$ cat data-v2.pdb   # PDB, C-alpha atoms, pLDDT in the B column
MODEL        1
ATOM      1  CA  MET G   1     129.219 138.464 131.399  1.00 46.00           C
ATOM      2  CA  SER G   2     127.825 139.723 128.091  1.00 41.00           C
ATOM      3  CA  ALA G   3     127.232 137.472 125.102  1.00 41.00           C
ATOM      4  CA  ALA G   4     130.240 139.015 123.377  1.00 42.00           C
ATOM      5  CA  GLU G   5     132.483 138.084 126.307  1.00 44.00           C
ATOM      6  CA  GLU G   6     131.389 134.469 126.695  1.00 42.00           C
ATOM      7  CA  PRO G   7     134.152 131.975 125.786  1.00 41.00           C
ATOM      8  CA  SER G   8     133.321 130.077 122.617  1.00 41.00           C
ATOM      9  CA  GLN G   9     133.442 126.268 122.520  1.00 41.00           C
ATOM     10  CA  THR G  10     135.869 124.516 120.255  1.00 41.00           C
ATOM     11  CA  PRO G  11     134.575 121.625 118.128  1.00 39.00           C
ATOM     12  CA  ASP G  12     136.374 119.145 120.395  1.00 44.00           C
ATOM     13  CA  GLU G  13     134.376 120.393 123.379  1.00 43.00           C
ATOM     14  CA  THR G  14     130.996 119.943 121.651  1.00 46.00           C
ATOM     15  CA  THR G  15     129.299 116.570 122.016  1.00 49.00           C
ATOM     16  CA  VAL G  16     127.682 115.474 118.759  1.00 53.00           C
ATOM     17  CA  VAL G  17     125.083 112.730 119.163  1.00 53.00           C
ATOM     18  CA  PRO G  18     124.064 110.665 116.111  1.00 54.00           C
ATOM     19  CA  ALA G  19     120.480 111.380 115.074  1.00 52.00           C
ATOM     20  CA  VAL G  20     119.513 107.727 115.648  1.00 53.00           C
ATOM     21  CA  ALA G  21     120.562 108.100 119.312  1.00 61.00           C
ATOM     22  CA  VAL G  22     117.944 110.709 120.196  1.00 62.00           C
ATOM     23  CA  GLY G  23     115.712 109.258 122.925  1.00 73.00           C
ATOM     24  CA  ARG G  24     117.688 106.000 122.864  1.00 87.00           C
ATOM     25  CA  GLU G  25     119.317 103.978 125.627  1.00 95.00           C
ATOM     26  CA  LEU G  26     121.806 101.129 125.369  1.00 97.00           C
ATOM     27  CA  ARG G  27     121.799  97.939 127.451  1.00 98.00           C
ATOM     28  CA  PHE G  28     124.493  95.294 127.636  1.00 98.00           C
ATOM     29  CA  ALA G  29     125.086  92.110 129.625  1.00 98.00           C
ATOM     30  CA  TYR G  30     128.385  90.526 130.637  1.00 97.00           C
ATOM     31  CA  VAL G  31     129.488  87.201 132.068  1.00 96.00           C
ATOM     32  CA  ALA G  32     131.398  86.840 135.334  1.00 95.00           C
ATOM     33  CA  GLY G  33     135.043  87.808 134.977  1.00 95.00           C
ATOM     34  CA  VAL G  34     134.437  90.662 132.536  1.00 96.00           C
ATOM     35  CA  THR G  35     135.125  94.100 134.020  1.00 95.00           C
ATOM     36  CA  PRO G  36     133.318  96.693 131.865  1.00 96.00           C
ATOM     37  CA  GLY G  37     134.109  99.743 133.999  1.00 96.00           C
ATOM     38  CA  LYS G  38     136.544 101.383 131.557  1.00 94.00           C
ATOM     39  CA  TRP G  39     134.096 101.048 128.650  1.00 96.00           C
ATOM     40  CA  ILE G  40     131.286 102.530 130.725  1.00 97.00           C
ATOM     41  CA  ARG G  41     133.441 105.529 131.663  1.00 96.00           C
ATOM     42  CA  ARG G  42     134.419 106.173 128.038  1.00 95.00           C
ATOM     43  CA  TRP G  43     130.782 105.930 126.943  1.00 96.00           C
ATOM     44  CA  GLU G  44     129.677 108.451 129.564  1.00 95.00           C
ATOM     45  CA  GLU G  45     132.403 110.843 128.393  1.00 93.00           C
ATOM     46  CA  ARG G  46     131.553 110.574 124.688  1.00 93.00           C
ATOM     47  CA  MET G  47     127.807 109.888 124.730  1.00 94.00           C
ATOM     48  CA  PRO G  48     126.426 111.533 127.882  1.00 94.00           C
ATOM     49  CA  ASP G  49     122.974 111.955 126.309  1.00 93.00           C
ATOM     50  CA  VAL G  50     122.506 108.199 125.720  1.00 96.00           C
ATOM     51  CA  PRO G  51     121.953 106.278 129.007  1.00 96.00           C
ATOM     52  CA  LEU G  52     123.968 103.072 129.339  1.00 97.00           C
ATOM     53  CA  HIS G  53     122.687 100.171 131.479  1.00 97.00           C
ATOM     54  CA  SER G  54     124.612  96.988 132.281  1.00 97.00           C
ATOM     55  CA  PHE G  55     124.013  93.772 134.216  1.00 97.00           C
ATOM     56  CA  MET G  56     125.820  90.481 134.789  1.00 96.00           C
ATOM     57  CA  SER G  57     124.446  87.241 133.332  1.00 93.00           C
ATOM     58  CA  ASP G  58     125.600  83.675 133.907  1.00 87.00           C
ATOM     59  CA  ASP G  59     127.162  81.671 131.082  1.00 85.00           C
ATOM     60  CA  GLY G  60     123.890  79.834 130.450  1.00 87.00           C
ATOM     61  CA  ALA G  61     122.034  83.090 129.764  1.00 91.00           C
ATOM     62  CA  GLN G  62     124.733  84.956 127.851  1.00 95.00           C
ATOM     63  CA  LEU G  63     122.812  84.577 124.573  1.00 96.00           C
ATOM     64  CA  SER G  64     119.235  84.387 125.831  1.00 96.00           C
ATOM     65  CA  VAL G  65     119.483  88.026 126.992  1.00 97.00           C
ATOM     66  CA  LEU G  66     119.909  88.923 123.303  1.00 97.00           C
ATOM     67  CA  ARG G  67     117.164  86.599 122.094  1.00 94.00           C
ATOM     68  CA  ASP G  68     114.548  87.918 124.531  1.00 95.00           C
ATOM     69  CA  GLY G  69     115.546  91.578 124.090  1.00 95.00           C
ATOM     70  CA  SER G  70     116.849  92.121 127.639  1.00 96.00           C
ATOM     71  CA  ALA G  71     120.141  93.429 126.237  1.00 97.00           C
ATOM     72  CA  ASP G  72     121.296  95.054 123.004  1.00 98.00           C
ATOM     73  CA  LEU G  73     124.787  93.540 123.309  1.00 98.00           C
ATOM     74  CA  SER G  74     126.376  90.827 125.428  1.00 98.00           C
ATOM     75  CA  PHE G  75     129.944  90.080 126.467  1.00 98.00           C
ATOM     76  CA  VAL G  76     130.049  86.298 126.059  1.00 97.00           C
ATOM     77  CA  ARG G  77     132.498  83.499 126.705  1.00 96.00           C
ATOM     78  CA  LEU G  78     133.219  81.493 123.559  1.00 95.00           C
ATOM     79  CA  PRO G  79     132.240  79.189 122.029  1.00 93.00           C
ATOM     80  CA  VAL G  80     128.631  80.236 121.330  1.00 94.00           C
ATOM     81  CA  GLU G  81     126.041  79.533 118.641  1.00 94.00           C
ATOM     82  CA  ARG G  82     126.542  82.392 116.168  1.00 95.00           C
ATOM     83  CA  GLU G  83     123.457  82.075 113.973  1.00 95.00           C
ATOM     84  CA  GLY G  84     121.821  85.488 113.563  1.00 96.00           C
ATOM     85  CA  LEU G  85     124.557  87.164 115.618  1.00 97.00           C
ATOM     86  CA  SER G  86     127.548  89.349 114.956  1.00 97.00           C
ATOM     87  CA  VAL G  87     130.442  88.244 117.167  1.00 97.00           C
ATOM     88  CA  ILE G  88     133.753  90.054 117.691  1.00 97.00           C
ATOM     89  CA  PRO G  89     136.453  88.151 119.676  1.00 96.00           C
ATOM     90  CA  LEU G  90     138.177  90.495 122.134  1.00 96.00           C
ATOM     91  CA  TYR G  91     140.784  88.730 124.285  1.00 96.00           C
ATOM     92  CA  GLU G  92     141.870  85.344 125.647  1.00 96.00           C
ATOM     93  CA  GLU G  93     141.625  84.390 129.317  1.00 97.00           C
ATOM     94  CA  GLN G  94     144.286  82.708 131.427  1.00 96.00           C
ATOM     95  CA  PRO G  95     143.100  79.314 132.793  1.00 97.00           C
ATOM     96  CA  VAL G  96     143.763  78.364 136.421  1.00 98.00           C
ATOM     97  CA  VAL G  97     143.289  75.239 138.481  1.00 98.00           C
ATOM     98  CA  VAL G  98     141.430  75.770 141.755  1.00 98.00           C
ATOM     99  CA  ALA G  99     142.084  73.388 144.635  1.00 98.00           C
ATOM    100  CA  PRO G 100     141.178  73.237 148.333  1.00 97.00           C
ATOM    101  CA  LYS G 101     143.453  75.150 150.676  1.00 95.00           C
ATOM    102  CA  GLY G 102     146.475  73.054 151.679  1.00 93.00           C
ATOM    103  CA  HIS G 103     146.548  71.098 148.416  1.00 96.00           C
ATOM    104  CA  GLU G 104     150.026  70.489 147.002  1.00 95.00           C
ATOM    105  CA  VAL G 105     149.355  72.768 143.992  1.00 95.00           C
ATOM    106  CA  SER G 106     149.625  75.696 146.399  1.00 94.00           C
ATOM    107  CA  LEU G 107     153.388  75.041 146.542  1.00 95.00           C
ATOM    108  CA  PHE G 108     153.789  76.125 142.920  1.00 96.00           C
ATOM    109  CA  GLU G 109     153.178  79.336 141.024  1.00 95.00           C
ATOM    110  CA  GLU G 110     152.268  77.445 137.832  1.00 97.00           C
ATOM    111  CA  VAL G 111     151.071  73.893 137.237  1.00 97.00           C
ATOM    112  CA  ASP G 112     150.939  71.771 134.078  1.00 97.00           C
ATOM    113  CA  LEU G 113     147.719  69.890 133.404  1.00 97.00           C
ATOM    114  CA  ALA G 114     149.692  66.687 132.650  1.00 97.00           C
ATOM    115  CA  ASP G 115     150.987  66.680 136.230  1.00 96.00           C
ATOM    116  CA  LEU G 116     147.413  66.531 137.587  1.00 97.00           C
ATOM    117  CA  SER G 117     146.320  63.368 135.791  1.00 95.00           C
ATOM    118  CA  ALA G 118     145.693  61.569 139.084  1.00 95.00           C
ATOM    119  CA  GLU G 119     143.394  64.324 140.416  1.00 96.00           C
ATOM    120  CA  THR G 120     139.601  64.368 140.392  1.00 96.00           C
ATOM    121  CA  PHE G 121     138.196  67.212 138.319  1.00 97.00           C
ATOM    122  CA  LEU G 122     134.652  68.472 138.823  1.00 97.00           C
ATOM    123  CA  ASP G 123     132.266  69.622 136.083  1.00 96.00           C
ATOM    124  CA  VAL G 124     131.492  73.284 136.745  1.00 95.00           C
ATOM    125  CA  GLN G 125     128.240  73.342 134.765  1.00 91.00           C
ATOM    126  CA  GLU G 126     126.899  70.171 136.390  1.00 94.00           C
ATOM    127  CA  LEU G 127     127.480  71.774 139.784  1.00 95.00           C
ATOM    128  CA  GLY G 128     125.402  74.807 138.839  1.00 92.00           C
ATOM    129  CA  GLY G 129     128.102  77.266 137.821  1.00 93.00           C
ATOM    130  CA  PRO G 130     131.388  78.642 139.170  1.00 95.00           C
ATOM    131  CA  ALA G 131     130.084  79.941 142.513  1.00 94.00           C
ATOM    132  CA  MET G 132     128.675  76.576 143.584  1.00 95.00           C
ATOM    133  CA  ALA G 133     131.590  74.634 142.065  1.00 96.00           C
ATOM    134  CA  LEU G 134     134.093  76.599 144.152  1.00 97.00           C
ATOM    135  CA  GLN G 135     132.136  75.819 147.306  1.00 97.00           C
ATOM    136  CA  VAL G 136     132.402  72.128 146.469  1.00 97.00           C
ATOM    137  CA  VAL G 137     136.153  72.506 145.825  1.00 97.00           C
ATOM    138  CA  ALA G 138     136.551  74.131 149.258  1.00 97.00           C
ATOM    139  CA  SER G 139     135.020  71.010 150.803  1.00 95.00           C
ATOM    140  CA  GLY G 140     137.846  68.897 149.324  1.00 95.00           C
ATOM    141  CA  ALA G 141     135.751  66.993 146.769  1.00 95.00           C
ATOM    142  CA  GLY G 142     138.010  67.779 143.816  1.00 97.00           C
ATOM    143  CA  LEU G 143     139.540  70.436 141.563  1.00 98.00           C
ATOM    144  CA  VAL G 144     138.099  72.691 138.864  1.00 98.00           C
ATOM    145  CA  ILE G 145     139.532  74.585 135.924  1.00 97.00           C
ATOM    146  CA  LEU G 146     138.287  78.146 135.477  1.00 97.00           C
ATOM    147  CA  PRO G 147     139.356  81.376 133.809  1.00 97.00           C
ATOM    148  CA  MET G 148     141.522  83.342 136.224  1.00 96.00           C
ATOM    149  CA  SER G 149     139.126  86.301 136.125  1.00 96.00           C
ATOM    150  CA  VAL G 150     136.209  84.084 137.230  1.00 96.00           C
ATOM    151  CA  ALA G 151     138.174  82.527 140.101  1.00 96.00           C
ATOM    152  CA  ARG G 152     139.130  86.013 141.287  1.00 95.00           C
ATOM    153  CA  HIS G 153     135.580  87.298 140.919  1.00 95.00           C
ATOM    154  CA  PHE G 154     134.061  84.698 143.247  1.00 94.00           C
ATOM    155  CA  ASN G 155     137.149  84.361 145.493  1.00 90.00           C
ATOM    156  CA  VAL G 156     135.837  81.551 147.699  1.00 93.00           C
ATOM    157  CA  LYS G 157     137.558  81.143 151.053  1.00 91.00           C
ATOM    158  CA  ASP G 158     139.597  77.977 151.658  1.00 95.00           C
ATOM    159  CA  THR G 159     140.556  77.586 148.001  1.00 97.00           C
ATOM    160  CA  VAL G 160     143.771  78.324 146.104  1.00 97.00           C
ATOM    161  CA  ALA G 161     144.175  79.063 142.391  1.00 97.00           C
ATOM    162  CA  ARG G 162     147.304  78.564 140.310  1.00 97.00           C
ATOM    163  CA  LYS G 163     148.049  79.294 136.649  1.00 97.00           C
ATOM    164  CA  LEU G 164     147.514  76.221 134.500  1.00 97.00           C
ATOM    165  CA  THR G 165     149.491  75.326 131.369  1.00 97.00           C
ATOM    166  CA  GLY G 166     148.619  72.651 128.840  1.00 96.00           C
ATOM    167  CA  ALA G 167     144.886  73.385 129.087  1.00 94.00           C
ATOM    168  CA  PRO G 168     142.716  75.034 126.422  1.00 91.00           C
ATOM    169  CA  GLY G 169     142.015  78.678 127.161  1.00 87.00           C
ATOM    170  CA  THR G 170     138.763  80.572 126.879  1.00 94.00           C
ATOM    171  CA  GLU G 171     137.982  83.745 124.977  1.00 97.00           C
ATOM    172  CA  ILE G 172     135.727  86.719 125.608  1.00 97.00           C
ATOM    173  CA  ALA G 173     133.771  88.205 122.716  1.00 98.00           C
ATOM    174  CA  LEU G 174     131.135  90.882 122.134  1.00 98.00           C
ATOM    175  CA  ALA G 175     127.906  89.666 120.504  1.00 98.00           C
ATOM    176  CA  TRP G 176     124.719  91.348 119.275  1.00 98.00           C
ATOM    177  CA  PRO G 177     121.888  90.551 116.825  1.00 97.00           C
ATOM    178  CA  SER G 178     123.134  91.213 113.293  1.00 96.00           C
ATOM    179  CA  ASP G 179     119.875  92.851 112.188  1.00 95.00           C
ATOM    180  CA  ALA G 180     119.966  95.322 115.097  1.00 94.00           C
ATOM    181  CA  THR G 181     123.198  97.078 114.160  1.00 94.00           C
ATOM    182  CA  ASP G 182     122.855 100.868 114.164  1.00 94.00           C
ATOM    183  CA  GLU G 183     125.036 103.901 114.873  1.00 94.00           C
ATOM    184  CA  VAL G 184     124.615 103.611 118.658  1.00 95.00           C
ATOM    185  CA  ILE G 185     125.788  99.994 118.680  1.00 96.00           C
ATOM    186  CA  GLU G 186     128.629 100.869 116.284  1.00 95.00           C
ATOM    187  CA  GLU G 187     129.701 103.629 118.681  1.00 95.00           C
ATOM    188  CA  PHE G 188     129.842 101.159 121.593  1.00 97.00           C
ATOM    189  CA  ILE G 189     131.749  98.595 119.515  1.00 96.00           C
ATOM    190  CA  GLY G 190     134.324 101.242 118.636  1.00 95.00           C
ATOM    191  CA  ILE G 191     134.810 102.144 122.303  1.00 96.00           C
ATOM    192  CA  VAL G 192     135.286  98.488 123.261  1.00 96.00           C
ATOM    193  CA  ARG G 193     137.811  98.031 120.455  1.00 93.00           C
ATOM    194  CA  GLY G 194     139.802 101.037 121.645  1.00 91.00           C
ATOM    195  CA  ARG G 195     139.011 103.545 118.917  1.00 89.00           C
ATOM    196  CA  THR G 196     139.530 107.159 119.876  1.00 79.00           C
ATOM    197  CA  ALA G 197     136.765 109.754 119.792  1.00 73.00           C
ATOM    198  CA  ALA G 198     138.341 111.264 116.656  1.00 64.00           C
ATOM    199  CA  SER G 199     138.509 107.967 114.748  1.00 62.00           C
ATOM    200  CA  SER G 200     136.899 108.216 111.320  1.00 49.00           C
ATOM    201  CA  ARG G 201     135.204 104.875 112.021  1.00 53.00           C
ATOM    202  CA  GLN G 202     133.248 106.267 114.962  1.00 60.00           C
ATOM    203  CA  PRO G 203     129.711 107.416 113.986  1.00 60.00           C
ATOM    204  CA  SER G 204     129.930 110.400 116.325  1.00 62.00           C
ATOM    205  CA  ALA G 205     133.111 111.581 114.583  1.00 60.00           C
ATOM    206  CA  GLN G 206     131.425 111.369 111.189  1.00 54.00           C
ATOM    207  CA  GLN G 207     128.695 113.856 112.161  1.00 52.00           C
ATOM    208  CA  GLU G 208     129.050 117.391 110.874  1.00 47.00           C
ATOM    209  CA  LYS G 209     130.642 119.466 113.611  1.00 48.00           C
ATOM    210  CA  PRO G 210     128.943 122.802 114.423  1.00 52.00           C
ATOM    211  CA  LYS G 211     130.816 125.767 113.064  1.00 53.00           C
ATOM    212  CA  ARG G 212     132.318 128.203 115.522  1.00 61.00           C
ATOM    213  CA  GLU G 213     130.925 131.697 115.589  1.00 65.00           C
ATOM    214  CA  PRO G 214     133.508 134.329 114.598  1.00 65.00           C
ATOM    215  CA  LYS G 215     135.045 136.092 117.559  1.00 65.00           C
ATOM    216  CA  PRO G 216     133.696 139.625 118.108  1.00 66.00           C
ATOM    217  CA  ASP G 217     135.978 142.565 117.228  1.00 62.00           C
ATOM    218  CA  ARG G 218     136.779 144.153 120.599  1.00 64.00           C
ATOM    219  CA  ARG G 219     139.199 146.748 119.303  1.00 63.00           C
ATOM    220  CA  GLY G 220     136.474 149.384 118.795  1.00 58.00           C
ATOM    221  CA  THR G 221     136.168 151.976 116.078  1.00 56.00           C
ATOM    222  CA  GLY G 222     139.251 153.879 117.268  1.00 53.00           C
ATOM    223  CA  ALA G 223     141.557 150.971 116.487  1.00 53.00           C
ATOM    224  CA  ALA G 224     141.018 151.037 112.751  1.00 55.00           C
ATOM    225  CA  LYS G 225     143.965 149.938 110.698  1.00 58.00           C
ATOM    226  CA  LYS G 226     146.145 152.893 109.645  1.00 58.00           C
ATOM    227  CA  PRO G 227     146.581 153.420 105.908  1.00 57.00           C
ATOM    228  CA  LYS G 228     149.984 152.792 104.465  1.00 60.00           C
ATOM    229  CA  VAL G 229     152.251 155.858 104.254  1.00 58.00           C
ATOM    230  CA  ALA G 230     154.149 156.530 101.047  1.00 57.00           C
ATOM    231  CA  GLN G 231     157.919 156.004 101.333  1.00 57.00           C
ATOM    232  CA  ARG G 232     159.644 159.367 101.855  1.00 57.00           C
ATOM    233  CA  TYR G 233     163.265 158.418 101.472  1.00 55.00           C
ATOM    234  CA  ALA G 234     165.245 156.786  98.744  1.00 57.00           C
ATOM    235  CA  PRO G 235     166.559 153.302  99.402  1.00 59.00           C
ATOM    236  CA  ASN G 236     169.943 152.949 101.061  1.00 62.00           C
ATOM    237  CA  PRO G 237     172.472 153.037  98.165  1.00 57.00           C
ATOM    238  CA  ASP G 238     174.851 150.718 100.051  1.00 59.00           C
ATOM    239  CA  LYS G 239     172.184 148.051 100.521  1.00 58.00           C
ATOM    240  CA  GLY G 240     173.033 144.944  98.593  1.00 56.00           C
ATOM    241  CA  ARG G 241     176.671 145.869  97.834  1.00 57.00           C
ATOM    242  CA  GLY G 242     179.253 143.198  98.330  1.00 55.00           C
ATOM    243  CA  LYS G 243     182.039 143.394 100.899  1.00 56.00           C
ATOM    244  CA  GLY G 244     184.588 146.107 100.044  1.00 55.00           C
ATOM    245  CA  SER G 245     182.222 148.027  97.780  1.00 51.00           C
ATOM    246  CA  ARG G 246     181.496 150.770 100.325  1.00 54.00           C
ATOM    247  CA  LYS G 247     182.399 154.243  99.050  1.00 52.00           C
ATOM    248  CA  LYS G 248     185.305 155.983 100.653  1.00 54.00           C
ATOM    249  CA  GLY G 249     184.502 159.008 102.693  1.00 53.00           C
ATOM    250  CA  LYS G 250     184.819 160.632 106.018  1.00 52.00           C
ATOM    251  CA  ARG G 251     184.316 158.345 108.946  1.00 48.00           C
TER     252      ARG G 251
ENDMDL
END
$ encode --input "data-v2.pdb" --output "structure tokens"
Amino acid sequence: MSAAEEPSQTPDETTVVPAVAVGRELRFAYVAGVTPGKWIRRWEERMPDVPLHSFMSDDGAQLSVLRDGSADLSFVRLPVEREGLSVIPLYEEQPVVVAPKGHEVSLFEEVDLADLSAETFLDVQELGGPAMALQVVASGAGLVILPMSVARHFNVKDTVARKLTGAPGTEIALAWPSDATDEVIEEFIGIVRGRTAASSRQPSAQQEKPKREPKPDRRGTGAAKKPKVAQRYAPNPDKGRGKGSRKKGKR
């Protein structure tokens, strides 16, 4: 196929990478229960030239990965210490109560915290985190309250989880060092917040799009436009007359 016959790209098909992204990669961490797959896919579609790396951190390390430079951004579970950080709340999580299999809470689809006042609740952090806490619950030592997404993530056998009302919920947020904000981080924030690729707030959309080359003239020299020919006949005298104004004559 000759150069003249190659299909030209439209601006929408051309990936424009911010200048600050050249030679850059982006790393982010996330706590258990966060599912970043959709954001990763959107990033790979829009910013294929900027590698994206992700890893899961436990709640105790959700900020330390930012402090020690292991990650550029972190999906955290609030509340967190916000000094020196930019934090954007994203969504609330549904709390659940997790009990050993066979417990009476399994008879209900939803349980109110006030109805469990006689139960023994375990401290998740004192037990070393959700994974270990759920193992202790399975042994029958007590109940725990967790975000539904965390309970589903670890999914320990011999436990049951039910929606819990009357308990404070938790919230997931995106955090990053305030002094590290650049166009690459802004691009990722926009993707997480659901902005489209054409949004004027996306750095990649603000870049000057390459102009399309004009399409080659394939008509050849023989297809030159014909000059206008002078009108040879007078206008139709009946044109524009109203109804009934036509001259009488032979039909």
$ atom_distance --input "data-v2.pdb" --atom1 "CA of Asn155 (chain G)" --atom2 "CA of Ala114 (chain G)"
25.2 Å
$ closest_residue --input "data-v2.pdb" --among "G:Leu116, G:Ala29, G:Ala99, G:Val137" --to "Ser70 (chain G)" --atoms "only C-alpha atoms"
G:Ala29
$ resolve_selection --input "data-v2.pdb" --expression "the PyMOL selection byres ((chain G and resi 125) around 12)" --output "list in words"
Asp58, Asp59, Gly60, Leu122, Asp123, Val124, Glu126, Leu127, Gly128, Gly129, Pro130, Ala131, Met132, Ala133, Leu134, Val144, Ile145 and Leu146 of chain G
$ atom_distance --input "data-v2.pdb" --atom1 "CA of Leu66 (chain G)" --atom2 "CA of Val34 (chain G)"
17.3 Å
$ atom_distance --input "data-v2.pdb" --atom1 "CA of Gly102 (chain G)" --atom2 "CA of Gly140 (chain G)"
9.9 Å
$ resolve_selection --input "data-v2.pdb" --expression "the PyMOL selection byres ((chain G and resi 171) around 6)" --output "NGL selection string"
:G and (77-78 or 91-93 or 170 or 172)
$ closest_residue --input "data-v2.pdb" --among "G:Arg82, G:Lys101, G:Arg162, G:Lys157" --to "Leu174 (chain G)" --atoms "only C-alpha atoms"
G:Arg82
$ closest_residue --input "data-v2.pdb" --among "G:Val50, G:Ala161, G:Val31, G:Ala71" --to "Trp176 (chain G)" --atoms "all atoms listed in the file"
G:Ala71
$ residues_around --input "data-v2.pdb" --residues "Gly142 (chain G)" --least-positions-apart "6" --cutoff "9 Å" --atoms "all atoms listed in the file" --output "list in words"
Val98, Ala99, Pro100, Glu119, Thr120, Phe121, Leu122 and Val136 of chain G
$ resolve_selection --input "data-v2.pdb" --expression "the PyMOL selection byres ((chain G and resi 33) around 9)" --output "CSV table (one decimal) with C-alpha atoms, in the frame of the given file"
chain,number,residue,atom,x,y,z
G,30,TYR,CA,128.4,90.5,130.6
G,31,VAL,CA,129.5,87.2,132.1
G,32,ALA,CA,131.4,86.8,135.3
G,34,VAL,CA,134.4,90.7,132.5
G,35,THR,CA,135.1,94.1,134.0
G,147,PRO,CA,139.4,81.4,133.8
G,148,MET,CA,141.5,83.3,136.2
G,149,SER,CA,139.1,86.3,136.1
G,150,VAL,CA,136.2,84.1,137.2
G,151,ALA,CA,138.2,82.5,140.1
G,152,ARG,CA,139.1,86.0,141.3
G,153,HIS,CA,135.6,87.3,140.9
G,154,PHE,CA,134.1,84.7,143.2
